[in-house]
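*Asks:* Below is the structure I would like to discuss, written out as structure tokens.
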Amino acid sequence: TDYRVKVQYSNEMIDKVNDSISQGQIKKPRYADSATYKFEIPKDTSKVRVLLIARKNDTEAYDWALKMTQFLFDNKVPEVYSEQHAIQYFREHNQQSVALFDRDRHEKTITFIITIGGDGTLLWSCKLFSTESMPPVLPFSMGSLGFMTNFKCDHYEEVLSELFSHRLIDLDLKMRLECWLENESNGKSEISEDGTYQAFNDVSIERGDSPALSNIECYVNGHFATSIRGDGILLATPNGSTAYNLAAGGSIVHYDVPSILFTPICPHSLSFRPVIFPDSIVFKFKLAENSRSAARVSIDGIGCFELKQDQAVIVRASEWPVPQINPKSTKASNTVEWVNRLRDLLNWNNRGGSDRPLSSKPWN
């Protein structure tokens, strides 16, 4: 099974624009129409391979995993894989058929992923496939927030039954960022041996444990843009706009908007405001010559490497999105659910009370 899902809608959009121009009608096609992909479940379920990722050391998550595993086997799915910590729990509860996931052996054979937990569990599944593409993900929510996980665990039979009955399933392509370190000594730029990183939520470049302010130069498409003085800078995807970006004062952006959020972290300036850039921008960050310390680069909240003098961090939109399964949804209903989660989970625009009725004599 070749699950490699790549961003290919740009050429489709260009073709639509060219067609409309040739017909004397200049129209910009809607991004949402171009970003919907179909995922086909094999009719023969004996060809289906499922990776099940449960939140670590969570008995409730393991119990749901046991139920879902049995449901998959009852539906003739021959192979279900999981991680070592879950395998041990399965063995203790007489479930011997789940195999240990080995990325080198099984990476290209997985049909789809099931995550059981919260947003953190979904992020962890993305890290297991952090170099290029990843299989479609079906996330079930058990988290304290669960903003990115669409389905409740107690609805798993309904969701999985629909998945197997429809065969052709809608995918939402959730944008990722690609980040790498370049060495710029001797006037040459060379990619570091660390390789590239994929960020589902955000890339942060910050001062770490240094007591001094960050002093980082930012370049946009090769041109100097600004110097960043403060705790650092955060680049977030639309999907990550409700994570660290939200806490740092950045805007909330719908995940279908092709953009990169540029949010300063505790800037030492009253005028340094968050900016939303198009997803075609390539960012470059390097330490200013008079910088007092190095900077730490974190991918989705996990520190990965240090930025030093004569080095640069490059960040751009990745061509490998996270394909998220939506068995029975449309773009319209997804947006309604997204707005509902803003209101219900983040208490968006909740004033905490209602106005009293206006009396007949308000001056009294």
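Naming scheme: A, B, ... for chains in displayed order of the structure tokens; residues 1 onward per chain; ligands 1 onward as shown.
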Can you check which parts of stretch 176-250 of chain A lie within 12 Å of stretch 95-119 of chain A? Per residue, the shortest pair of atoms and distance in Å to one decimal, counting only C-alpha atoms, sorted by chain and number, as CSV.
*Replies:*
```
residue,atom,partner,partner_atom,distance
A:Phe200,CA,A:Asp119,CA,10.9
A:Asn201,CA,A:Asp119,CA,10.4
A:Asn239,CA,A:Asp119,CA,11.0
A:Gly240,CA,A:Asp119,CA,10.5
A:Thr242,CA,A:Asp119,CA,11.1
A:Ala243,CA,A:Asp119,CA,9.8
```
*Asks:* Please write the residues from the selection above to a file, keeping all heavy atoms, as a PDB file, in the first residue's frame.
*Replies:*
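Written output follows (selection-v8.pdb):
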```pdb
ATOM      1  N   PHE A 200       4.061  19.634  13.091  1.00  0.00           N
ATOM      2  CA  PHE A 200       2.610  19.661  12.892  1.00  0.00           C
ATOM      3  C   PHE A 200       2.014  20.958  13.441  1.00  0.00           C
ATOM      4  O   PHE A 200       1.139  21.563  12.830  1.00  0.00           O
ATOM      5  CB  PHE A 200       1.983  18.456  13.574  1.00  0.00           C
ATOM      6  CG  PHE A 200       0.513  18.280  13.290  1.00  0.00           C
ATOM      7  CD1 PHE A 200      -0.024  18.599  12.058  1.00  0.00           C
ATOM      8  CD2 PHE A 200      -0.339  17.776  14.258  1.00  0.00           C
ATOM      9  CE1 PHE A 200      -1.383  18.434  11.791  1.00  0.00           C
ATOM     10  CE2 PHE A 200      -1.692  17.601  14.002  1.00  0.00           C
ATOM     11  CZ  PHE A 200      -2.210  17.934  12.766  1.00  0.00           C
ATOM     12  N   ASN A 201       2.490  21.395  14.606  1.00  0.00           N
ATOM     13  CA  ASN A 201       1.974  22.612  15.234  1.00  0.00           C
ATOM     14  C   ASN A 201       2.843  23.830  14.973  1.00  0.00           C
ATOM     15  O   ASN A 201       2.381  24.829  14.443  1.00  0.00           O
ATOM     16  CB  ASN A 201       1.819  22.414  16.745  1.00  0.00           C
ATOM     17  CG  ASN A 201       0.483  21.836  17.129  1.00  0.00           C
ATOM     18  OD1 ASN A 201      -0.409  21.702  16.312  1.00  0.00           O
ATOM     19  ND2 ASN A 201       0.340  21.474  18.397  1.00  0.00           N
ATOM     20  N   ASN A 239      -3.280  24.764  11.900  1.00  0.00           N
ATOM     21  CA  ASN A 239      -3.742  23.771  12.864  1.00  0.00           C
ATOM     22  C   ASN A 239      -3.128  24.008  14.232  1.00  0.00           C
ATOM     23  O   ASN A 239      -3.742  23.716  15.260  1.00  0.00           O
ATOM     24  CB  ASN A 239      -3.401  22.360  12.369  1.00  0.00           C
ATOM     25  CG  ASN A 239      -4.282  21.307  13.004  1.00  0.00           C
ATOM     26  OD1 ASN A 239      -5.474  21.260  12.761  1.00  0.00           O
ATOM     27  ND2 ASN A 239      -3.692  20.469  13.847  1.00  0.00           N
ATOM     28  N   GLY A 240      -1.890  24.547  14.258  1.00  0.00           N
ATOM     29  CA  GLY A 240      -1.222  24.840  15.524  1.00  0.00           C
ATOM     30  C   GLY A 240      -1.552  26.206  16.082  1.00  0.00           C
ATOM     31  O   GLY A 240      -0.998  26.599  17.116  1.00  0.00           O
ATOM     32  N   THR A 242      -4.042  27.155  17.661  1.00  0.00           N
ATOM     33  CA  THR A 242      -4.717  27.091  18.955  1.00  0.00           C
ATOM     34  C   THR A 242      -3.831  26.466  20.028  1.00  0.00           C
ATOM     35  O   THR A 242      -4.317  26.151  21.124  1.00  0.00           O
ATOM     36  CB  THR A 242      -6.021  26.284  18.842  1.00  0.00           C
ATOM     37  OG1 THR A 242      -5.745  25.005  18.250  1.00  0.00           O
ATOM     38  CG2 THR A 242      -7.036  27.021  17.986  1.00  0.00           C
ATOM     39  N   ALA A 243      -2.541  26.293  19.742  1.00  0.00           N
ATOM     40  CA  ALA A 243      -1.622  25.708  20.712  1.00  0.00           C
ATOM     41  C   ALA A 243      -0.726  26.814  21.298  1.00  0.00           C
ATOM     42  O   ALA A 243      -1.226  27.802  21.831  1.00  0.00           O
ATOM     43  CB  ALA A 243      -0.809  24.604  20.037  1.00  0.00           C
TER      44      ALA A 243
END
```
*Asks:* For each of A:Lys127, A:Lys38, A:Lys76, A:Arg207, take the minimum atom-to-atom distance to A:Gln324, counting only C-alpha atoms, then give the residue where this is smallest.
*Replies:*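 Between A:Lys127, A:Lys38, A:Lys76, A:Arg207, the residue approaching A:Gln324 most closely is A:Lys38.
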*Asks:* Could you pull out the residues in stretch 261-305 of chain A that DSSP calls strand (DSSP E or B) from the backbone, as a CSV table (one decimal) with N, CA and C atoms, in the first residue's frame?
*Replies:*
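Produced file part.csv, reproduced below:
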```
chain,number,residue,atom,x,y,z
A,261,LEU,N,1.9,31.3,10.4
A,261,LEU,CA,1.7,32.3,11.5
A,261,LEU,C,3.0,32.7,12.1
A,262,PHE,N,3.3,34.0,12.1
A,262,PHE,CA,4.6,34.6,12.5
A,262,PHE,C,4.3,35.3,13.8
A,263,THR,N,4.6,34.7,15.0
A,263,THR,CA,4.2,35.2,16.3
A,263,THR,C,5.4,35.5,17.2
A,264,PRO,N,5.7,36.7,17.6
A,264,PRO,CA,6.8,37.0,18.5
A,264,PRO,C,6.5,36.4,19.9
A,265,ILE,N,7.5,35.9,20.6
A,265,ILE,CA,7.4,35.4,21.9
A,265,ILE,C,7.9,36.5,22.9
A,266,CYS,N,7.1,37.1,23.7
A,266,CYS,CA,7.5,38.1,24.6
A,266,CYS,C,8.4,39.1,24.0
A,267,PRO,N,8.0,39.8,22.9
A,267,PRO,CA,8.9,40.8,22.3
A,267,PRO,C,9.2,42.0,23.2
A,275,VAL,N,2.0,38.4,12.7
A,275,VAL,CA,1.7,38.6,11.2
A,275,VAL,C,1.3,37.2,10.7
A,276,ILE,N,0.4,37.2,9.7
A,276,ILE,CA,0.0,35.9,9.0
A,276,ILE,C,0.6,36.0,7.6
A,277,PHE,N,1.5,35.1,7.2
A,277,PHE,CA,2.1,35.1,5.9
A,277,PHE,C,1.4,34.0,5.0
A,278,PRO,N,1.5,34.2,3.7
A,278,PRO,CA,1.1,33.1,2.8
A,278,PRO,C,2.0,31.9,3.0
A,283,PHE,N,11.3,31.2,5.3
A,283,PHE,CA,11.9,32.0,6.3
A,283,PHE,C,13.3,31.5,6.6
A,284,LYS,N,14.2,32.5,6.9
A,284,LYS,CA,15.5,32.1,7.3
A,284,LYS,C,15.9,32.9,8.6
A,285,PHE,N,16.4,32.3,9.6
A,285,PHE,CA,16.7,32.9,10.9
A,285,PHE,C,18.2,32.6,11.2
A,286,LYS,N,18.9,33.6,11.6
A,286,LYS,CA,20.3,33.5,12.1
A,286,LYS,C,20.6,34.5,13.2
A,287,LEU,N,21.6,34.1,14.0
A,287,LEU,CA,21.9,35.0,15.1
A,287,LEU,C,22.6,36.3,14.6
A,295,ALA,N,20.7,30.2,20.4
A,295,ALA,CA,19.2,30.0,20.5
A,295,ALA,C,18.8,28.6,20.4
A,296,ARG,N,17.7,28.2,21.0
A,296,ARG,CA,17.2,26.8,20.9
A,296,ARG,C,16.1,26.7,20.0
A,297,VAL,N,16.1,25.7,19.1
A,297,VAL,CA,15.1,25.5,18.1
A,297,VAL,C,14.3,24.2,18.6
A,298,SER,N,12.9,24.4,18.7
A,298,SER,CA,12.1,23.4,19.2
A,298,SER,C,11.0,23.1,18.1
A,299,ILE,N,10.7,21.8,18.0
A,299,ILE,CA,9.7,21.3,17.0
A,299,ILE,C,8.6,20.8,17.8
A,302,ILE,N,9.3,20.3,21.5
A,302,ILE,CA,10.4,19.5,21.9
A,302,ILE,C,11.7,20.1,21.4
A,303,GLY,N,12.7,20.4,22.2
A,303,GLY,CA,14.0,20.9,21.8
A,303,GLY,C,14.7,20.0,20.9
A,304,CYS,N,15.1,20.4,19.7
A,304,CYS,CA,15.8,19.6,18.8
A,304,CYS,C,17.3,19.9,18.6
A,305,PHE,N,17.6,21.2,18.4
A,305,PHE,CA,19.0,21.5,18.2
A,305,PHE,C,19.2,23.0,18.6
```
*Asks:* I want to know what sits within 12 Å of A:Arg55, based on only C-alpha atoms, with residues of the same chain fewer than 4 positions away left out; could you give that as a PyMOL selection string?
*Replies:* chain A and resi 59-65+82-86+114-125+139-143
*Asks:* Once DSSP has gone over the backbone, tell me which residues of stretch 192-335 of chain A are in alpha helix (DSSP H), as a ChimeraX atom specification.
*Replies:* /A:244-247,331-335
*Asks:* Produce a file of the selected residues containing N, CA and C atoms, as a short mmCIF file (atom, residue, chain, number, x, y, z; two decimals), in the first residue's frame.
*Replies:*
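Output contents, as saved in selection.cif:
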```
data_model
loop_
_atom_site.label_atom_id
_atom_site.label_comp_id
_atom_site.auth_asym_id
_atom_site.auth_seq_id
_atom_site.Cartn_x
_atom_site.Cartn_y
_atom_site.Cartn_z
N TYR A 244 0.59 26.65 21.22
CA TYR A 244 1.54 27.64 21.74
C TYR A 244 1.26 29.02 21.15
N ASN A 245 0.90 29.06 19.87
CA ASN A 245 0.62 30.33 19.20
C ASN A 245 -0.49 31.10 19.92
N LEU A 246 -1.52 30.40 20.37
CA LEU A 246 -2.62 31.05 21.08
C LEU A 246 -2.13 31.66 22.38
N ALA A 247 -1.31 30.91 23.12
CA ALA A 247 -0.79 31.40 24.39
C ALA A 247 0.14 32.59 24.20
N LYS A 331 -16.83 19.70 4.11
CA LYS A 331 -16.11 20.90 4.48
C LYS A 331 -16.99 21.84 5.31
N ALA A 332 -18.26 21.93 4.94
CA ALA A 332 -19.16 22.83 5.65
C ALA A 332 -19.35 22.38 7.10
N SER A 333 -19.62 21.08 7.30
CA SER A 333 -19.84 20.58 8.65
C SER A 333 -18.56 20.64 9.47
N ASN A 334 -17.41 20.44 8.82
CA ASN A 334 -16.14 20.55 9.53
C ASN A 334 -15.94 21.94 10.10
N THR A 335 -16.28 22.95 9.29
CA THR A 335 -16.12 24.33 9.76
C THR A 335 -17.06 24.62 10.92
#
```
*Asks:* Name the closest residue to A:Ser259 among the candidates A:Lys56, A:Arg273, A:Arg316, A:Arg91; distances are taken between atoms, counting only C-alpha atoms.
*Replies:*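 Using only C-alpha atoms, the shortest distance to A:Ser259 belongs to A:Arg316.
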*Asks:* Kindly give the distance, in Å, that separates atom CA of A:Arg49 and atom CA of A:Glu162, rounded to a single decimal.
*Replies:* 17.1 Å
*Asks:* So that I can see what lies close to A:Phe71, please list as a list in words the residues with an atom at most 9 Å from it, counting only C-alpha atoms and leaving out residues fewer than 5 positions away in the same chain.
*Replies:*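 Selected residues are Leu66, Lys76, Val77, Glu157 and Leu160 of chain A.
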*Asks:* With all heavy atoms retained, could you export that selection as a short mmCIF file (atom, residue, chain, number, x, y, z; two decimals), in the first residue's frame?
*Replies:*
```cif
data_model
loop_
_atom_site.label_atom_id
_atom_site.label_comp_id
_atom_site.auth_asym_id
_atom_site.auth_seq_id
_atom_site.Cartn_x
_atom_site.Cartn_y
_atom_site.Cartn_z
N LEU A 66 -8.10 -2.07 23.44
CA LEU A 66 -8.49 -3.49 23.40
C LEU A 66 -9.81 -3.67 22.65
O LEU A 66 -9.96 -4.57 21.82
CB LEU A 66 -8.60 -4.04 24.81
CG LEU A 66 -7.30 -4.45 25.51
CD1 LEU A 66 -7.56 -4.76 26.98
CD2 LEU A 66 -6.70 -5.67 24.82
N LYS A 76 -12.21 -8.75 10.02
CA LYS A 76 -11.27 -9.44 9.14
C LYS A 76 -10.01 -8.64 8.83
O LYS A 76 -9.35 -8.88 7.82
CB LYS A 76 -11.94 -9.81 7.80
CG LYS A 76 -13.30 -10.47 7.93
CD LYS A 76 -13.24 -11.75 8.76
CE LYS A 76 -14.62 -12.41 8.80
NZ LYS A 76 -14.69 -13.52 9.76
N VAL A 77 -9.67 -7.68 9.70
CA VAL A 77 -8.37 -7.01 9.56
C VAL A 77 -7.32 -7.94 10.13
O VAL A 77 -7.36 -8.26 11.32
CB VAL A 77 -8.36 -5.65 10.29
CG1 VAL A 77 -6.96 -5.03 10.25
CG2 VAL A 77 -9.38 -4.70 9.67
N GLU A 157 -17.40 2.20 17.31
CA GLU A 157 -18.03 1.21 16.43
C GLU A 157 -18.71 1.89 15.25
O GLU A 157 -18.59 1.43 14.10
CB GLU A 157 -19.04 0.37 17.23
CG GLU A 157 -18.40 -0.57 18.22
CD GLU A 157 -19.42 -1.51 18.83
OE1 GLU A 157 -20.63 -1.34 18.55
OE2 GLU A 157 -19.02 -2.41 19.59
N LEU A 160 -15.83 3.41 12.87
CA LEU A 160 -15.09 2.40 12.13
C LEU A 160 -15.99 1.65 11.15
O LEU A 160 -15.55 1.28 10.05
CB LEU A 160 -14.42 1.43 13.11
CG LEU A 160 -13.25 1.99 13.92
CD1 LEU A 160 -12.77 0.98 14.95
CD2 LEU A 160 -12.09 2.39 13.01
#
```
*Asks:* For A:Leu342, which residue among A:His254, A:Phe129, A:Thr237, A:Asp154 is the nearest when counting only C-alpha atoms?
*Replies:* A:His254
*Asks:* Please measure the separation of atom CA of A:Val50 and atom CA of A:Val80, giving the value in Å to one decimal.
*Replies:*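 Atom-to-atom, atom CA of A:Val50 and atom CA of A:Val80 are spaced 4.9 Å apart.
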*Asks:* I need the residue nearest A:Pro323 from this list: A:Glu337, A:Asp44, A:Asp231, A:Asp172. Use only C-alpha atoms for the distance.
*Replies:* A:Asp172
